[in-house]
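Chemist: I am sharing input.pdb, which consists of PDB, C-alpha atoms:
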ATOM      1  CA  MET A   1      31.193 -36.463 -28.008  1.00  0.00           C
ATOM      2  CA  ARG A   2      28.524 -36.370 -30.717  1.00  0.00           C
ATOM      3  CA  ARG A   3      29.110 -40.067 -31.497  1.00  0.00           C
ATOM      4  CA  THR A   4      28.726 -41.016 -27.805  1.00  0.00           C
ATOM      5  CA  PHE A   5      25.510 -39.004 -27.571  1.00  0.00           C
ATOM      6  CA  LEU A   6      24.072 -40.681 -30.706  1.00  0.00           C
ATOM      7  CA  ALA A   7      25.062 -44.115 -29.423  1.00  0.00           C
ATOM      8  CA  ALA A   8      23.326 -43.416 -26.101  1.00  0.00           C
ATOM      9  CA  ILE A   9      20.158 -42.249 -27.896  1.00  0.00           C
ATOM     10  CA  ALA A  10      20.222 -45.359 -30.096  1.00  0.00           C
ATOM     11  CA  LEU A  11      20.499 -47.618 -27.032  1.00  0.00           C
ATOM     12  CA  LEU A  12      17.648 -45.862 -25.283  1.00  0.00           C
ATOM     13  CA  ALA A  13      15.421 -45.977 -28.357  1.00  0.00           C
ATOM     14  CA  ALA A  14      16.131 -49.617 -29.188  1.00  0.00           C
ATOM     15  CA  PRO A  15      13.875 -52.255 -27.619  1.00  0.00           C
ATOM     16  CA  ALA A  16      15.547 -54.193 -24.842  1.00  0.00           C
ATOM     17  CA  ALA A  17      16.884 -57.565 -25.936  1.00  0.00           C
ATOM     18  CA  HIS A  18      15.132 -59.251 -23.020  1.00  0.00           C
ATOM     19  CA  ALA A  19      11.760 -57.499 -23.478  1.00  0.00           C
ATOM     20  CA  GLU A  20       8.951 -59.893 -24.304  1.00  0.00           C
ATOM     21  CA  THR A  21       6.568 -59.225 -27.135  1.00  0.00           C
ATOM     22  CA  CYS A  22       2.986 -60.143 -26.431  1.00  0.00           C
ATOM     23  CA  THR A  23       1.774 -62.777 -28.864  1.00  0.00           C
ATOM     24  CA  LEU A  24      -1.690 -63.098 -27.315  1.00  0.00           C
ATOM     25  CA  THR A  25      -4.803 -61.324 -28.523  1.00  0.00           C
ATOM     26  CA  PRO A  26      -6.613 -59.068 -26.042  1.00  0.00           C
ATOM     27  CA  LYS A  27      -9.361 -61.715 -25.828  1.00  0.00           C
ATOM     28  CA  GLN A  28      -6.774 -64.387 -24.918  1.00  0.00           C
ATOM     29  CA  VAL A  29      -5.269 -62.111 -22.258  1.00  0.00           C
ATOM     30  CA  VAL A  30      -8.652 -61.477 -20.635  1.00  0.00           C
ATOM     31  CA  THR A  31      -9.692 -65.139 -20.924  1.00  0.00           C
ATOM     32  CA  GLN A  32      -6.550 -66.283 -19.116  1.00  0.00           C
ATOM     33  CA  PHE A  33      -6.806 -63.495 -16.534  1.00  0.00           C
ATOM     34  CA  LEU A  34     -10.464 -64.246 -15.739  1.00  0.00           C
ATOM     35  CA  HIS A  35      -9.840 -67.975 -15.477  1.00  0.00           C
ATOM     36  CA  GLU A  36      -6.964 -67.503 -13.043  1.00  0.00           C
ATOM     37  CA  PHE A  37      -8.833 -64.865 -11.044  1.00  0.00           C
ATOM     38  CA  TYR A  38     -12.448 -66.074 -10.948  1.00  0.00           C
ATOM     39  CA  ILE A  39     -12.121 -69.836 -11.422  1.00  0.00           C
ATOM     40  CA  GLU A  40      -8.784 -70.598  -9.744  1.00  0.00           C
ATOM     41  CA  LYS A  41      -9.239 -67.714  -7.251  1.00  0.00           C
ATOM     42  CA  GLN A  42      -5.571 -66.736  -7.575  1.00  0.00           C
ATOM     43  CA  VAL A  43      -6.136 -63.047  -6.907  1.00  0.00           C
ATOM     44  CA  ARG A  44      -2.616 -61.692  -6.408  1.00  0.00           C
ATOM     45  CA  SER A  45      -0.846 -63.819  -8.995  1.00  0.00           C
ATOM     46  CA  SER A  46      -3.499 -63.219 -11.670  1.00  0.00           C
ATOM     47  CA  PHE A  47      -3.424 -59.458 -11.144  1.00  0.00           C
ATOM     48  CA  GLU A  48       0.371 -59.297 -11.008  1.00  0.00           C
ATOM     49  CA  LYS A  49       0.627 -61.327 -14.206  1.00  0.00           C
ATOM     50  CA  TRP A  50      -2.171 -59.803 -16.295  1.00  0.00           C
ATOM     51  CA  VAL A  51      -2.934 -56.323 -14.911  1.00  0.00           C
ATOM     52  CA  ASP A  52      -0.807 -53.193 -15.304  1.00  0.00           C
ATOM     53  CA  PRO A  53       0.290 -51.475 -12.044  1.00  0.00           C
ATOM     54  CA  GLY A  54      -1.356 -48.257 -13.288  1.00  0.00           C
ATOM     55  CA  TYR A  55      -4.695 -50.073 -13.783  1.00  0.00           C
ATOM     56  CA  ILE A  56      -7.569 -47.600 -14.140  1.00  0.00           C
ATOM     57  CA  GLN A  57     -10.764 -48.597 -12.320  1.00  0.00           C
ATOM     58  CA  HIS A  58     -14.109 -47.047 -13.330  1.00  0.00           C
ATOM     59  CA  ASN A  59     -16.302 -48.712 -10.681  1.00  0.00           C
ATOM     60  CA  PRO A  60     -17.182 -45.781  -8.381  1.00  0.00           C
ATOM     61  CA  TYR A  61     -17.053 -48.057  -5.308  1.00  0.00           C
ATOM     62  CA  ALA A  62     -13.489 -49.280  -5.918  1.00  0.00           C
ATOM     63  CA  GLN A  63     -10.165 -47.497  -5.768  1.00  0.00           C
ATOM     64  CA  THR A  64      -8.022 -47.292  -8.869  1.00  0.00           C
ATOM     65  CA  GLY A  65      -4.684 -49.108  -9.183  1.00  0.00           C
ATOM     66  CA  ARG A  66      -3.652 -52.757  -9.289  1.00  0.00           C
ATOM     67  CA  GLU A  67      -2.603 -53.004  -5.646  1.00  0.00           C
ATOM     68  CA  ALA A  68      -5.903 -51.497  -4.456  1.00  0.00           C
ATOM     69  CA  ALA A  69      -7.790 -54.114  -6.482  1.00  0.00           C
ATOM     70  CA  ILE A  70      -5.669 -56.934  -5.091  1.00  0.00           C
ATOM     71  CA  THR A  71      -6.150 -55.788  -1.493  1.00  0.00           C
ATOM     72  CA  PHE A  72      -9.925 -55.486  -1.859  1.00  0.00           C
ATOM     73  CA  LEU A  73     -10.427 -58.693  -3.850  1.00  0.00           C
ATOM     74  CA  GLU A  74      -8.180 -60.892  -1.677  1.00  0.00           C
ATOM     75  CA  GLY A  75     -10.341 -59.930   1.291  1.00  0.00           C
ATOM     76  CA  PHE A  76     -13.538 -60.554  -0.631  1.00  0.00           C
ATOM     77  CA  VAL A  77     -12.436 -63.996  -1.860  1.00  0.00           C
ATOM     78  CA  LYS A  78     -11.269 -65.080   1.615  1.00  0.00           C
ATOM     79  CA  GLY A  79     -14.427 -63.735   3.250  1.00  0.00           C
ATOM     80  CA  THR A  80     -16.828 -65.291   0.733  1.00  0.00           C
ATOM     81  CA  PRO A  81     -15.828 -68.954   0.300  1.00  0.00           C
ATOM     82  CA  GLY A  82     -19.121 -69.757  -1.463  1.00  0.00           C
ATOM     83  CA  GLN A  83     -18.428 -67.244  -4.243  1.00  0.00           C
ATOM     84  CA  LYS A  84     -18.658 -68.806  -7.685  1.00  0.00           C
ATOM     85  CA  THR A  85     -18.410 -67.177 -11.090  1.00  0.00           C
ATOM     86  CA  THR A  86     -19.466 -68.737 -14.371  1.00  0.00           C
ATOM     87  CA  ILE A  87     -18.045 -67.137 -17.492  1.00  0.00           C
ATOM     88  CA  HIS A  88     -20.690 -67.373 -20.222  1.00  0.00           C
ATOM     89  CA  ARG A  89     -19.081 -65.461 -23.066  1.00  0.00           C
ATOM     90  CA  ILE A  90     -16.128 -63.248 -23.885  1.00  0.00           C
ATOM     91  CA  ILE A  91     -16.431 -60.809 -26.771  1.00  0.00           C
ATOM     92  CA  ALA A  92     -13.616 -58.695 -28.218  1.00  0.00           C
ATOM     93  CA  ASP A  93     -13.482 -55.631 -30.423  1.00  0.00           C
ATOM     94  CA  GLY A  94      -9.891 -54.561 -30.970  1.00  0.00           C
ATOM     95  CA  ASN A  95      -8.292 -53.930 -27.593  1.00  0.00           C
ATOM     96  CA  LEU A  96     -11.646 -53.834 -25.772  1.00  0.00           C
ATOM     97  CA  VAL A  97     -12.899 -57.105 -24.307  1.00  0.00           C
ATOM     98  CA  ALA A  98     -16.258 -57.737 -22.607  1.00  0.00           C
ATOM     99  CA  ALA A  99     -17.001 -60.744 -20.412  1.00  0.00           C
ATOM    100  CA  HIS A 100     -20.602 -61.742 -19.595  1.00  0.00           C
ATOM    101  CA  MET A 101     -20.683 -63.704 -16.344  1.00  0.00           C
ATOM    102  CA  HIS A 102     -22.845 -64.966 -13.512  1.00  0.00           C
ATOM    103  CA  GLY A 103     -21.485 -64.252 -10.043  1.00  0.00           C
ATOM    104  CA  ARG A 104     -23.146 -65.753  -6.988  1.00  0.00           C
ATOM    105  CA  ASN A 105     -22.569 -66.866  -3.428  1.00  0.00           C
ATOM    106  CA  GLU A 106     -23.661 -70.492  -3.185  1.00  0.00           C
ATOM    107  CA  THR A 107     -23.727 -70.388   0.639  1.00  0.00           C
ATOM    108  CA  GLY A 108     -25.361 -66.968   1.011  1.00  0.00           C
ATOM    109  CA  THR A 109     -28.921 -65.701   1.299  1.00  0.00           C
ATOM    110  CA  PRO A 110     -31.407 -66.637  -1.446  1.00  0.00           C
ATOM    111  CA  ALA A 111     -30.694 -63.323  -3.228  1.00  0.00           C
ATOM    112  CA  GLU A 112     -26.912 -63.946  -2.959  1.00  0.00           C
ATOM    113  CA  GLN A 113     -27.408 -67.472  -4.321  1.00  0.00           C
ATOM    114  CA  ARG A 114     -29.234 -66.048  -7.352  1.00  0.00           C
ATOM    115  CA  GLY A 115     -26.432 -63.520  -7.675  1.00  0.00           C
ATOM    116  CA  PHE A 116     -25.726 -60.987 -10.387  1.00  0.00           C
ATOM    117  CA  ALA A 117     -25.389 -60.867 -14.131  1.00  0.00           C
ATOM    118  CA  VAL A 118     -22.067 -59.123 -14.662  1.00  0.00           C
ATOM    119  CA  VAL A 119     -20.468 -57.555 -17.699  1.00  0.00           C
ATOM    120  CA  ASP A 120     -16.818 -56.653 -17.186  1.00  0.00           C
ATOM    121  CA  ILE A 121     -15.222 -54.528 -19.898  1.00  0.00           C
ATOM    122  CA  PHE A 122     -11.437 -54.363 -20.177  1.00  0.00           C
ATOM    123  CA  ARG A 123      -9.022 -52.293 -22.227  1.00  0.00           C
ATOM    124  CA  VAL A 124      -5.909 -54.321 -23.002  1.00  0.00           C
ATOM    125  CA  GLU A 125      -2.522 -53.073 -24.212  1.00  0.00           C
ATOM    126  CA  GLY A 126       0.111 -55.690 -24.970  1.00  0.00           C
ATOM    127  CA  CYS A 127      -0.501 -58.482 -22.493  1.00  0.00           C
ATOM    128  CA  LYS A 128      -1.838 -56.237 -19.725  1.00  0.00           C
ATOM    129  CA  VAL A 129      -5.291 -55.160 -18.627  1.00  0.00           C
ATOM    130  CA  MET A 130      -5.034 -51.387 -18.408  1.00  0.00           C
ATOM    131  CA  GLU A 131      -8.581 -50.305 -17.641  1.00  0.00           C
ATOM    132  CA  HIS A 132     -11.847 -51.795 -16.320  1.00  0.00           C
ATOM    133  CA  TRP A 133     -15.555 -50.958 -16.324  1.00  0.00           C
ATOM    134  CA  ASP A 134     -18.340 -53.154 -14.969  1.00  0.00           C
ATOM    135  CA  VAL A 135     -22.102 -53.372 -15.035  1.00  0.00           C
ATOM    136  CA  LEU A 136     -24.067 -55.530 -12.586  1.00  0.00           C
ATOM    137  CA  SER A 137     -27.708 -56.513 -12.526  1.00  0.00           C
ATOM    138  CA  PRO A 138     -29.241 -58.661  -9.774  1.00  0.00           C
ATOM    139  CA  VAL A 139     -30.835 -61.912 -10.878  1.00  0.00           C
ATOM    140  CA  PRO A 140     -34.500 -61.589  -9.827  1.00  0.00           C
ATOM    141  CA  GLU A 141     -36.447 -64.264  -8.010  1.00  0.00           C
ATOM    142  CA  THR A 142     -38.950 -64.333 -10.880  1.00  0.00           C
ATOM    143  CA  ALA A 143     -38.676 -63.061 -14.448  1.00  0.00           C
ATOM    144  CA  ALA A 144     -41.186 -61.845 -17.023  1.00  0.00           C
ATOM    145  CA  ASN A 145     -39.774 -64.380 -19.516  1.00  0.00           C
ATOM    146  CA  THR A 146     -38.002 -67.731 -19.542  1.00  0.00           C
ATOM    147  CA  ASN A 147     -34.904 -66.585 -21.433  1.00  0.00           C
ATOM    148  CA  THR A 148     -32.626 -66.167 -18.344  1.00  0.00           C
ATOM    149  CA  MET A 149     -30.004 -63.449 -18.088  1.00  0.00           C
ATOM    150  CA  PHE A 150     -27.323 -65.718 -19.529  1.00  0.00           C
TER     151      PHE A 150
END
Would you kindly transcribe this structure into C-alpha cells?

Modeler:
Amino acid sequence: MRRTFLAAIALLAAPAAHAETCTLTPKQVVTQFLHEFYIEKQVRSSFEKWVDPGYIQHNPYAQTGREAAITFLEGFVKGTPGQKTTIHRIIADGNLVAAHMHGRNETGTPAEQRGFAVVDIFRVEGCKVMEHWDVLSPVPETAANTNTMF
C-alpha cells in the first residue's frame, strides 16, 4: 500500500511527458502576441495561444478574464475596420514587458485619426500573458514641441 501511494505521488509530482517547456523570453511572447493581435487582427487565436484563461485585467473599463477580453475585442475589431496600431518599441524587465504603441482609426474623426499613445504592460509566466495594465494618452492636434509622442 505504501509503495502504491509513493508511486502515485511520484507520478503526480513529475512533469508530464507531453508538457511543453517555454523556450521564449517574455519579450518574445509579447512581441508575437501583439503582432498576431494588433497587426494580423487575429483576436481569438492570439488570445487563446498567448493569454492565460485566468488573465487579470487592470483596465477599470474592461472585465477580467481571457474570454471577456476576446468577446470585447472581437467586437471592437469588427466594428472599427479603420483601426491601425503601430508598435514602436517593446521593453522587458524580467517577466514584465511594456509595449509603446500608436493606436488610431484611419477612417474616423480627426481626433480618432490622431489616435492615442498607448503603453501596454504585461506580466508573463512561461509562454502566457497573465496580467495586463494600460495607459492611454490622446495625441493632441498641436503640441508644445516637435518631438512627437513616439

Chemist: Between atom CA of Arg104 of chain A and atom CA of Gln57 of chain A, what is the distance in Å, rounded to a tenth?

Modeler: 21.8 Å

Chemist: Evaluating the PyMOL selection byres ((chain A and resi 120-122) around 9) on the displayed file yields which residues, as an MDAnalysis selection string?

Modeler: chainID A and resid 26 30 95:101 118:119 123:124 129:136

Chemist: At a cut-off of 10 Å, using all atoms listed in the file, what residues contact Val51 of chain A? Leave out same-chain residues fewer than 4 positions from it and give the result as a PyMOL selection string.

Modeler: chain A and resi 29-30+33+45-47+55-56+65-67+69+124-125+127-131

Chemist: Which polymer residues have any atom within 12 Å of an atom of segment 71-84 of chain A, counting only C-alpha atoms, with same-chain residues fewer than 2 positions away left out, as a ChimeraX atom specification?

Modeler: /A:35,37-47,61-69,86-87,101-109,112-116

Chemist: Quick one, how far is atom CA of Pro53 of chain A from atom CA of Arg89 of chain A?

Modeler: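 Interatomic distance, atom CA of Pro53 of chain A to atom CA of Arg89 of chain A: 26.3 Å.
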